[in-house]
file structure_4.cif (mmCIF, C-alpha atoms)
data_work
loop_
_atom_site.group_PDB
_atom_site.id
_atom_site.type_symbol
_atom_site.label_atom_id
_atom_site.label_comp_id
_atom_site.auth_asym_id
_atom_site.auth_seq_id
_atom_site.Cartn_x
_atom_site.Cartn_y
_atom_site.Cartn_z
ATOM 1 C CA MET K 254 117.096 85.312 93.544
ATOM 2 C CA LEU K 255 114.704 84.242 96.297
ATOM 3 C CA ASN K 256 113.763 81.006 94.516
ATOM 4 C CA SER K 257 116.455 79.227 96.536
ATOM 5 C CA LEU K 258 114.405 79.966 99.676
ATOM 6 C CA ARG K 259 111.214 78.395 98.315
ATOM 7 C CA PRO K 260 111.978 74.839 99.544
ATOM 8 C CA TYR K 261 112.574 76.160 103.081
ATOM 9 C CA LEU K 262 109.415 78.283 103.050
ATOM 10 C CA THR K 263 107.433 75.335 101.722
ATOM 11 C CA ARG K 264 108.793 73.124 104.492
ATOM 12 C CA LEU K 265 107.912 75.820 107.033
ATOM 13 C CA LEU K 266 104.361 76.237 105.715
ATOM 14 C CA THR K 267 103.620 72.538 105.175
ATOM 15 C CA PRO K 268 102.371 71.891 108.763
ATOM 16 C CA VAL K 269 99.973 74.832 108.433
ATOM 17 C CA GLY K 270 98.846 73.530 105.043
ATOM 18 C CA GLU K 271 98.292 70.057 106.494
ATOM 19 C CA ALA K 272 96.139 71.549 109.263
ATOM 20 C CA LEU K 273 94.127 73.559 106.717
ATOM 21 C CA ALA K 274 93.719 70.455 104.541
ATOM 22 C CA ARG K 275 91.528 68.983 107.285
ATOM 23 C CA THR K 276 89.131 71.939 106.985
ATOM 24 C CA PRO K 277 86.784 73.021 104.163
ATOM 25 C CA VAL K 278 89.181 75.889 103.294
ATOM 26 C CA THR K 279 90.214 75.796 99.628
ATOM 27 C CA PRO K 280 93.408 77.121 98.016
ATOM 28 C CA ASN K 281 91.343 79.567 95.954
ATOM 29 C CA ALA K 282 89.729 80.931 99.123
ATOM 30 C CA ILE K 283 93.195 81.599 100.555
ATOM 31 C CA THR K 284 94.246 83.307 97.311
ATOM 32 C CA ILE K 285 91.191 85.574 97.302
ATOM 33 C CA THR K 286 91.435 86.347 101.040
ATOM 34 C CA GLY K 287 95.135 87.177 100.767
ATOM 35 C CA THR K 288 94.537 89.546 97.868
ATOM 36 C CA CYS K 289 91.587 91.263 99.564
ATOM 37 C CA GLY K 290 93.619 91.755 102.732
ATOM 38 C CA MET K 291 96.604 93.095 100.836
ATOM 39 C CA VAL K 292 94.495 95.489 98.750
ATOM 40 C CA ALA K 293 92.619 96.735 101.833
ATOM 41 C CA GLY K 294 95.849 97.280 103.777
ATOM 42 C CA ALA K 295 97.655 98.982 100.894
ATOM 43 C CA LEU K 296 94.806 101.276 99.862
ATOM 44 C CA TRP K 297 93.710 102.148 103.393
ATOM 45 C CA LEU K 298 96.993 102.500 105.293
ATOM 46 C CA PHE K 299 99.493 103.727 102.679
ATOM 47 C CA PRO K 300 97.410 106.720 101.444
ATOM 48 C CA THR K 301 96.930 107.885 105.033
ATOM 49 C CA GLY K 302 100.676 107.840 105.718
ATOM 50 C CA HIS K 303 100.743 104.668 107.872
ATOM 51 C CA LEU K 304 103.601 103.200 105.867
ATOM 52 C CA PHE K 305 104.996 100.855 108.513
ATOM 53 C CA ALA K 306 101.570 99.508 109.512
ATOM 54 C CA GLY K 307 100.667 99.095 105.846
ATOM 55 C CA THR K 308 103.874 97.184 105.235
ATOM 56 C CA MET K 309 103.156 94.842 108.140
ATOM 57 C CA VAL K 310 99.587 94.164 106.943
ATOM 58 C CA CYS K 311 100.685 93.597 103.338
ATOM 59 C CA THR K 312 103.572 91.345 104.407
ATOM 60 C CA PHE K 313 101.228 89.242 106.549
ATOM 61 C CA PHE K 314 98.852 88.694 103.639
ATOM 62 C CA VAL K 315 101.709 88.020 101.203
ATOM 63 C CA LEU K 316 102.955 85.263 103.522
ATOM 64 C CA ALA K 317 99.416 83.952 104.025
ATOM 65 C CA ASP K 318 98.938 83.902 100.253
ATOM 66 C CA MET K 319 101.916 81.543 99.944
ATOM 67 C CA LEU K 320 99.783 78.902 101.631
ATOM 68 C CA ASP K 321 97.529 78.460 98.604
ATOM 69 C CA GLY K 322 100.131 76.535 96.614
ATOM 70 C CA VAL K 323 101.097 74.400 99.617
ATOM 71 C CA LEU K 324 97.451 73.591 100.338
ATOM 72 C CA ALA K 325 96.738 72.805 96.674
ATOM 73 C CA ARG K 326 99.614 70.294 96.586
ATOM 74 C CA ILE K 327 98.498 68.644 99.830
ATOM 75 C CA LYS K 328 94.843 68.411 98.734
ATOM 76 C CA GLY K 329 95.827 67.378 95.212
ATOM 77 C CA THR K 330 93.803 70.179 93.686
ATOM 78 C CA SER K 331 96.572 71.945 91.759
ATOM 79 C CA GLY K 332 95.390 73.010 88.346
ATOM 80 C CA ALA K 333 95.441 75.583 85.590
ATOM 81 C CA TRP K 334 92.505 77.591 86.997
ATOM 82 C CA GLY K 335 94.149 77.977 90.425
ATOM 83 C CA ALA K 336 97.444 79.033 88.835
ATOM 84 C CA PHE K 337 95.639 81.565 86.630
ATOM 85 C CA LEU K 338 93.663 82.971 89.568
ATOM 86 C CA ASP K 339 96.782 83.235 91.737
ATOM 87 C CA SER K 340 98.816 85.020 89.050
ATOM 88 C CA THR K 341 96.007 87.432 88.224
ATOM 89 C CA LEU K 342 95.290 88.337 91.841
ATOM 90 C CA ASP K 343 99.025 88.743 92.527
ATOM 91 C CA ARG K 344 99.046 91.540 89.935
ATOM 92 C CA ILE K 345 96.100 93.209 91.678
ATOM 93 C CA GLY K 346 97.878 93.058 95.045
ATOM 94 C CA ASP K 347 101.093 94.474 93.572
ATOM 95 C CA ALA K 348 99.177 97.276 91.877
ATOM 96 C CA ALA K 349 97.444 98.154 95.154
ATOM 97 C CA VAL K 350 100.802 98.546 96.926
ATOM 98 C CA PHE K 351 102.198 100.975 94.368
ATOM 99 C CA ALA K 352 98.856 102.779 93.937
ATOM 100 C CA GLY K 353 98.626 103.316 97.703
ATOM 101 C CA LEU K 354 102.166 104.671 97.805
ATOM 102 C CA ALA K 355 101.494 106.909 94.777
ATOM 103 C CA ILE K 356 98.401 108.372 96.460
ATOM 104 C CA TRP K 357 100.338 109.134 99.650
ATOM 105 C CA LEU K 358 103.235 110.658 97.727
ATOM 106 C CA ALA K 359 100.865 112.848 95.700
ATOM 107 C CA ARG K 360 99.023 113.953 98.863
ATOM 108 C CA THR K 361 102.306 114.937 100.524
ATOM 109 C CA GLY K 362 103.531 116.990 97.570
ATOM 110 C CA GLN K 363 106.069 114.469 96.264
ATOM 111 C CA GLY K 364 104.721 114.479 92.726
ATOM 112 C CA ALA K 365 107.855 113.235 90.980
ATOM 113 C CA LEU K 366 108.120 110.225 93.265
ATOM 114 C CA ALA K 367 104.377 109.576 92.874
ATOM 115 C CA VAL K 368 104.971 109.299 89.122
ATOM 116 C CA VAL K 369 107.764 106.791 89.789
ATOM 117 C CA ALA K 370 105.374 104.741 91.958
ATOM 118 C CA LEU K 371 102.791 104.769 89.161
ATOM 119 C CA PHE K 372 105.477 103.674 86.711
ATOM 120 C CA CYS K 373 106.302 100.759 89.042
ATOM 121 C CA LEU K 374 102.612 99.832 89.015
ATOM 122 C CA VAL K 375 102.466 99.811 85.216
ATOM 123 C CA ALA K 376 105.850 98.122 84.770
ATOM 124 C CA GLY K 377 104.858 95.287 87.101
ATOM 125 C CA GLY K 378 101.846 94.502 84.927
ATOM 126 C CA LEU K 379 103.901 94.873 81.764
ATOM 127 C CA VAL K 380 106.483 92.378 83.004
ATOM 128 C CA SER K 381 103.766 89.786 83.596
ATOM 129 C CA TYR K 382 102.179 90.486 80.226
ATOM 130 C CA ALA K 383 105.521 90.237 78.408
ATOM 131 C CA LYS K 384 106.302 86.924 80.089
ATOM 132 C CA ALA K 385 102.865 85.444 79.377
ATOM 133 C CA ARG K 386 102.894 86.694 75.767
ATOM 134 C CA ALA K 387 106.391 85.346 75.151
ATOM 135 C CA GLU K 388 105.540 81.940 76.576
ATOM 136 C CA GLY K 389 102.331 81.898 74.513
ATOM 137 C CA LEU K 390 104.512 82.327 71.430
ATOM 138 C CA GLY K 391 106.865 79.550 72.501
ATOM 139 C CA VAL K 392 109.638 81.880 73.624
ATOM 140 C CA ARG K 393 111.493 81.080 76.843
ATOM 141 C CA CYS K 394 111.107 83.975 79.276
ATOM 142 C CA ASP K 395 112.060 82.894 82.779
ATOM 143 C CA VAL K 396 115.366 84.600 83.490
ATOM 144 C CA GLY K 397 116.041 87.914 85.162
ATOM 145 C CA ILE K 398 117.793 89.447 88.136
ATOM 146 C CA ALA K 399 114.618 90.283 90.068
ATOM 147 C CA GLU K 400 111.275 88.544 89.890
ATOM 148 C CA ARG K 401 107.927 89.605 91.341
ATOM 149 C CA THR K 402 108.791 88.497 94.863
ATOM 150 C CA GLU K 403 112.046 90.453 94.942
ATOM 151 C CA ARG K 404 110.445 93.594 93.519
ATOM 152 C CA LEU K 405 107.613 93.418 96.038
ATOM 153 C CA LEU K 406 110.077 92.794 98.861
ATOM 154 C CA ILE K 407 112.094 95.861 97.850
ATOM 155 C CA GLY K 408 108.952 98.005 97.599
ATOM 156 C CA LEU K 409 107.485 96.910 100.933
ATOM 157 C CA THR K 410 110.808 97.049 102.804
ATOM 158 C CA SER K 411 111.520 100.571 101.584
ATOM 159 C CA ALA K 412 107.970 101.669 102.500
ATOM 160 C CA GLY K 413 108.251 100.132 105.973
ATOM 161 C CA LEU K 414 111.639 101.699 106.674
ATOM 162 C CA SER K 415 110.349 105.045 105.420
ATOM 163 C CA GLY K 416 107.449 104.693 107.847
ATOM 164 C CA LEU K 417 110.034 104.278 110.617
ATOM 165 C CA GLY K 418 111.683 107.545 109.602
ATOM 166 C CA VAL K 419 114.623 106.317 107.505
ATOM 167 C CA PRO K 420 115.268 109.123 104.979
ATOM 168 C CA TYR K 421 115.462 108.565 101.202
ATOM 169 C CA VAL K 422 114.860 104.818 101.458
ATOM 170 C CA LEU K 423 111.444 104.952 99.762
ATOM 171 C CA ALA K 424 112.851 106.888 96.821
ATOM 172 C CA ILE K 425 115.687 104.352 96.474
ATOM 173 C CA GLY K 426 113.264 101.424 96.635
ATOM 174 C CA LEU K 427 110.903 102.907 94.058
ATOM 175 C CA TRP K 428 113.669 103.851 91.646
ATOM 176 C CA ASP K 429 115.102 100.343 91.993
ATOM 177 C CA ASN K 430 111.660 98.891 91.170
ATOM 178 C CA ALA K 431 111.321 101.231 88.200
ATOM 179 C CA ASP K 432 114.539 99.924 86.616
ATOM 180 C CA PRO K 433 113.400 97.917 83.590
ATOM 181 C CA GLY K 434 116.626 95.901 83.739
ATOM 182 C CA ALA K 435 115.356 94.315 86.946
ATOM 183 C CA ALA K 436 112.353 92.721 85.290
ATOM 184 C CA GLU K 437 111.787 89.127 84.267
ATOM 185 C CA GLN K 438 111.516 90.007 80.602
ATOM 186 C CA SER K 439 115.274 90.615 80.562
ATOM 187 C CA GLY K 440 115.628 86.871 80.067
ATOM 188 C CA ILE K 441 113.709 86.558 76.797
ATOM 189 C CA SER K 442 115.548 84.234 74.485
ATOM 190 C CA GLN K 443 115.242 83.849 70.745
ATOM 191 C CA PRO K 444 112.111 82.060 69.539
ATOM 192 C CA PRO K 445 112.433 78.611 68.034
ATOM 193 C CA ALA K 446 112.459 78.258 64.277
ATOM 194 C CA GLY K 447 109.044 79.157 62.894
ATOM 195 C CA GLY K 448 108.047 80.822 66.141
ATOM 196 C CA THR K 449 107.763 84.364 64.840
ATOM 197 C CA ARG K 450 104.534 85.987 63.692
#

call {"tool": "encode", "arguments": {"input": "structure_4.cif", "output": "structure tokens"}}
result
Amino acid sequence: MLNSLRPYLTRLLTPVGEALARTPVTPNAITITGTCGMVAGALWLFPTGHLFAGTMVCTFFVLADMLDGVLARIKGTSGAWGAFLDSTLDRIGDAAVFAGLAIWLARTGQGALAVVALFCLVAGGLVSYAKARAEGLGVRCDVGIAERTERLLIGLTSAGLSGLGVPYVLAIGLWDNADPGAAEQSGISQPPAGGTR
């Protein structure tokens, strides 16, 4: 759904990427820094009930992490290792967000919603695994109504609004993330002839 915005975001981030290209900063360093910042913000601020501040910190590092691809294209260093590192660390950042929310929910006596947050954590990893496994078997798996970016946007927005005192919005956001119909694997097509195990 948000893929249509990628060209605009790339155009917006290109001047920053061009400035970074003149420095020793590498795309992988941006990827690692973005993940570390997101994990620190999510696991430090969310469990202590600072939902809005945590959302702002995580959003900043999510946007900063988008620079790695732009910088890799400008420097001409795009490759399989960078793509693998980025995808793997994205899963760690996503897990930190939902783990931080689950800890806060459990600490505040909202056990049922904490379980939903943990389910979102597991489902996010499962979606990535299903997609990678399907593509490894030659099965097309790139269609769905909500990809990683949309699910993270829903989770962070609902956490931020909850931190501002909007009632029920966190529960709605988590339940929406927990809906398996919103995952990328909903677009798995039939394997080509001879593609089954």

call {"tool": "resolve_selection", "arguments": {"input": "structure_4.cif", "expression": "the PyMOL selection byres ((chain K and resi 310-317) around 10)", "output": "NGL selection string"}}
result
:K and (262 or 266 or 283-284 or 286-295 or 298 or 304-309 or 318-321 or 343 or 346-347 or 349-350 or 402 or 405-406 or 409-410)

call {"tool": "write_last_selection", "arguments": {"input": "structure_4.cif", "atoms": "C-alpha atoms", "output": "PDB file, in the coordinates of the input"}}
result
ATOM      1  CA  LEU K 262     109.415  78.283 103.050  1.00  0.00           C
ATOM      2  CA  LEU K 266     104.361  76.237 105.715  1.00  0.00           C
ATOM      3  CA  ILE K 283      93.195  81.599 100.555  1.00  0.00           C
ATOM      4  CA  THR K 284      94.246  83.307  97.311  1.00  0.00           C
ATOM      5  CA  THR K 286      91.435  86.347 101.040  1.00  0.00           C
ATOM      6  CA  GLY K 287      95.135  87.177 100.767  1.00  0.00           C
ATOM      7  CA  THR K 288      94.537  89.546  97.868  1.00  0.00           C
ATOM      8  CA  CYS K 289      91.587  91.263  99.564  1.00  0.00           C
ATOM      9  CA  GLY K 290      93.619  91.755 102.732  1.00  0.00           C
ATOM     10  CA  MET K 291      96.604  93.095 100.836  1.00  0.00           C
ATOM     11  CA  VAL K 292      94.495  95.489  98.750  1.00  0.00           C
ATOM     12  CA  ALA K 293      92.619  96.735 101.833  1.00  0.00           C
ATOM     13  CA  GLY K 294      95.849  97.280 103.777  1.00  0.00           C
ATOM     14  CA  ALA K 295      97.655  98.982 100.894  1.00  0.00           C
ATOM     15  CA  LEU K 298      96.993 102.500 105.293  1.00  0.00           C
ATOM     16  CA  LEU K 304     103.601 103.200 105.867  1.00  0.00           C
ATOM     17  CA  PHE K 305     104.996 100.855 108.513  1.00  0.00           C
ATOM     18  CA  ALA K 306     101.570  99.508 109.512  1.00  0.00           C
ATOM     19  CA  GLY K 307     100.667  99.095 105.846  1.00  0.00           C
ATOM     20  CA  THR K 308     103.874  97.184 105.235  1.00  0.00           C
ATOM     21  CA  MET K 309     103.156  94.842 108.140  1.00  0.00           C
ATOM     22  CA  ASP K 318      98.938  83.902 100.253  1.00  0.00           C
ATOM     23  CA  MET K 319     101.916  81.543  99.944  1.00  0.00           C
ATOM     24  CA  LEU K 320      99.783  78.902 101.631  1.00  0.00           C
ATOM     25  CA  ASP K 321      97.529  78.460  98.604  1.00  0.00           C
ATOM     26  CA  ASP K 343      99.025  88.743  92.527  1.00  0.00           C
ATOM     27  CA  GLY K 346      97.878  93.058  95.045  1.00  0.00           C
ATOM     28  CA  ASP K 347     101.093  94.474  93.572  1.00  0.00           C
ATOM     29  CA  ALA K 349      97.444  98.154  95.154  1.00  0.00           C
ATOM     30  CA  VAL K 350     100.802  98.546  96.926  1.00  0.00           C
ATOM     31  CA  THR K 402     108.791  88.497  94.863  1.00  0.00           C
ATOM     32  CA  LEU K 405     107.613  93.418  96.038  1.00  0.00           C
ATOM     33  CA  LEU K 406     110.077  92.794  98.861  1.00  0.00           C
ATOM     34  CA  LEU K 409     107.485  96.910 100.933  1.00  0.00           C
ATOM     35  CA  THR K 410     110.808  97.049 102.804  1.00  0.00           C
TER      36      THR K 410
END

call {"tool": "residues_near_point", "arguments": {"input": "structure_4.cif", "point": "(98.5, 105.1, 96.9)", "cutoff": "10 Å", "atoms": "only C-alpha atoms", "output": "PDB file with C-alpha atoms, keeping the file's coordinate frame"}}
result
ATOM      1  CA  ALA K 295      97.655  98.982 100.894  1.00  0.00           C
ATOM      2  CA  LEU K 296      94.806 101.276  99.862  1.00  0.00           C
ATOM      3  CA  TRP K 297      93.710 102.148 103.393  1.00  0.00           C
ATOM      4  CA  LEU K 298      96.993 102.500 105.293  1.00  0.00           C
ATOM      5  CA  PHE K 299      99.493 103.727 102.679  1.00  0.00           C
ATOM      6  CA  PRO K 300      97.410 106.720 101.444  1.00  0.00           C
ATOM      7  CA  THR K 301      96.930 107.885 105.033  1.00  0.00           C
ATOM      8  CA  GLY K 302     100.676 107.840 105.718  1.00  0.00           C
ATOM      9  CA  ALA K 348      99.177  97.276  91.877  1.00  0.00           C
ATOM     10  CA  ALA K 349      97.444  98.154  95.154  1.00  0.00           C
ATOM     11  CA  VAL K 350     100.802  98.546  96.926  1.00  0.00           C
ATOM     12  CA  PHE K 351     102.198 100.975  94.368  1.00  0.00           C
ATOM     13  CA  ALA K 352      98.856 102.779  93.937  1.00  0.00           C
ATOM     14  CA  GLY K 353      98.626 103.316  97.703  1.00  0.00           C
ATOM     15  CA  LEU K 354     102.166 104.671  97.805  1.00  0.00           C
ATOM     16  CA  ALA K 355     101.494 106.909  94.777  1.00  0.00           C
ATOM     17  CA  ILE K 356      98.401 108.372  96.460  1.00  0.00           C
ATOM     18  CA  TRP K 357     100.338 109.134  99.650  1.00  0.00           C
ATOM     19  CA  LEU K 358     103.235 110.658  97.727  1.00  0.00           C
ATOM     20  CA  ALA K 359     100.865 112.848  95.700  1.00  0.00           C
ATOM     21  CA  ARG K 360      99.023 113.953  98.863  1.00  0.00           C
ATOM     22  CA  ALA K 367     104.377 109.576  92.874  1.00  0.00           C
ATOM     23  CA  ALA K 370     105.374 104.741  91.958  1.00  0.00           C
ATOM     24  CA  LEU K 371     102.791 104.769  89.161  1.00  0.00           C
TER      25      LEU K 371
END

call {"tool": "residues_around", "arguments": {"input": "structure_4.cif", "residues": "Asn430 in chain K", "least_positions_apart": "3", "cutoff": "7 Å", "atoms": "only C-alpha atoms", "output": "number ranges by chain"}}
result
K: 373, 404, 426-427

call {"tool": "atom_distance", "arguments": {"input": "structure_4.cif", "atom1": "CA of Gly322 in chain K", "atom2": "CA of Ala387 in chain K"}}
result
24.0 Å

call {"tool": "closest_residue", "arguments": {"input": "structure_4.cif", "among": "K:Leu324, K:Arg264, K:Glu388, K:Asp429", "to": "Val278 in chain K", "atoms": "all atoms listed in the file"}}
result
K:Leu324

call {"tool": "closest_residue", "arguments": {"input": "structure_4.cif", "among": "K:Ala282, K:Ala325, K:Ala272, K:Ala424", "to": "Val368 in chain K", "atoms": "all atoms listed in the file"}}
result
K:Ala424

call {"tool": "atom_distance", "arguments": {"input": "structure_4.cif", "atom1": "CA of Ile345 in chain K", "atom2": "CA of Arg275 in chain K"}}
result
29.2 Å

call {"tool": "atom_distance", "arguments": {"input": "structure_4.cif", "atom1": "CA of Ala365 in chain K", "atom2": "CA of Leu379 in chain K"}}
result
20.9 Å

call {"tool": "closest_residue", "arguments": {"input": "structure_4.cif", "among": "K:Val392, K:Ala336, K:Ala376, K:Val323", "to": "Val269 in chain K", "atoms": "all atoms listed in the file"}}
result
K:Val323

call {"tool": "residues_around", "arguments": {"input": "structure_4.cif", "residues": "Leu417 in chain K", "least_positions_apart": "2", "cutoff": "10 Å", "atoms": "all atoms listed in the file", "output": "compact mmCIF listing (two decimals) with C-alpha atoms, in the coordinates of the input"}}
result
# COMPACT_ATOMS: atom_id res chain seq x y z
CA HIS K 303 100.74 104.67 107.87
CA LEU K 304 103.60 103.20 105.87
CA PHE K 305 105.00 100.86 108.51
CA ALA K 306 101.57 99.51 109.51
CA SER K 411 111.52 100.57 101.58
CA ALA K 412 107.97 101.67 102.50
CA GLY K 413 108.25 100.13 105.97
CA LEU K 414 111.64 101.70 106.67
CA SER K 415 110.35 105.04 105.42
CA VAL K 419 114.62 106.32 107.50
CA PRO K 420 115.27 109.12 104.98

call {"tool": "closest_residue", "arguments": {"input": "structure_4.cif", "among": "K:Ala383, K:Leu338, K:Val369, K:Cys394", "to": "Ala431 in chain K", "atoms": "only C-alpha atoms"}}
result
K:Val369

call {"tool": "build_atoms", "arguments": {"input": "structure_4.cif", "residues": "range 343-361 of chain K", "atoms": "N, CA, C and O atoms", "output": "CSV table (one decimal), keeping the file's coordinate frame"}}
result
chain,number,residue,atom,x,y,z
K,343,ASP,N,97.7,88.2,92.1
K,343,ASP,CA,99.0,88.7,92.5
K,343,ASP,C,99.3,90.1,91.9
K,343,ASP,O,99.8,91.0,92.5
K,344,ARG,N,98.9,90.3,90.6
K,344,ARG,CA,99.0,91.5,89.9
K,344,ARG,C,98.2,92.6,90.6
K,344,ARG,O,98.6,93.8,90.7
K,345,ILE,N,97.0,92.2,91.0
K,345,ILE,CA,96.1,93.2,91.7
K,345,ILE,C,96.7,93.7,93.0
K,345,ILE,O,96.7,94.8,93.3
K,346,GLY,N,97.2,92.7,93.8
K,346,GLY,CA,97.9,93.1,95.0
K,346,GLY,C,99.1,94.0,94.9
K,346,GLY,O,99.3,95.0,95.6
K,347,ASP,N,99.9,93.6,93.9
K,347,ASP,CA,101.1,94.5,93.6
K,347,ASP,C,100.7,95.9,93.2
K,347,ASP,O,101.3,96.9,93.6
K,348,ALA,N,99.7,96.0,92.3
K,348,ALA,CA,99.2,97.3,91.9
K,348,ALA,C,98.7,98.1,93.1
K,348,ALA,O,98.9,99.3,93.1
K,349,ALA,N,98.0,97.4,94.0
K,349,ALA,CA,97.4,98.2,95.2
K,349,ALA,C,98.6,98.8,96.0
K,349,ALA,O,98.4,99.9,96.5
K,350,VAL,N,99.7,98.0,96.1
K,350,VAL,CA,100.8,98.5,96.9
K,350,VAL,C,101.3,99.8,96.3
K,350,VAL,O,101.5,100.9,97.0
K,351,PHE,N,101.6,99.8,95.0
K,351,PHE,CA,102.2,101.0,94.4
K,351,PHE,C,101.2,102.1,94.2
K,351,PHE,O,101.5,103.3,94.2
K,352,ALA,N,99.9,101.7,94.0
K,352,ALA,CA,98.9,102.8,93.9
K,352,ALA,C,98.7,103.5,95.3
K,352,ALA,O,98.6,104.7,95.3
K,353,GLY,N,98.7,102.7,96.4
K,353,GLY,CA,98.6,103.3,97.7
K,353,GLY,C,99.8,104.2,98.0
K,353,GLY,O,99.6,105.3,98.5
K,354,LEU,N,101.0,103.8,97.6
K,354,LEU,CA,102.2,104.7,97.8
K,354,LEU,C,102.1,105.9,96.9
K,354,LEU,O,102.4,107.0,97.4
K,355,ALA,N,101.6,105.8,95.7
K,355,ALA,CA,101.5,106.9,94.8
K,355,ALA,C,100.5,107.9,95.3
K,355,ALA,O,100.8,109.1,95.3
K,356,ILE,N,99.4,107.5,95.9
K,356,ILE,CA,98.4,108.4,96.5
K,356,ILE,C,99.0,109.2,97.6
K,356,ILE,O,98.9,110.4,97.7
K,357,TRP,N,99.7,108.5,98.5
K,357,TRP,CA,100.3,109.1,99.6
K,357,TRP,C,101.4,110.1,99.2
K,357,TRP,O,101.4,111.3,99.7
K,358,LEU,N,102.2,109.8,98.2
K,358,LEU,CA,103.2,110.7,97.7
K,358,LEU,C,102.6,111.9,97.1
K,358,LEU,O,103.1,113.0,97.3
K,359,ALA,N,101.5,111.7,96.3
K,359,ALA,CA,100.9,112.8,95.7
K,359,ALA,C,100.2,113.7,96.8
K,359,ALA,O,100.3,115.0,96.7
K,360,ARG,N,99.7,113.2,97.8
K,360,ARG,CA,99.0,114.0,98.9
K,360,ARG,C,100.0,114.7,99.7
K,360,ARG,O,99.7,115.8,100.3
K,361,THR,N,101.3,114.3,99.7
K,361,THR,CA,102.3,114.9,100.5
K,361,THR,C,103.2,115.8,99.7
K,361,THR,O,104.3,116.2,100.1
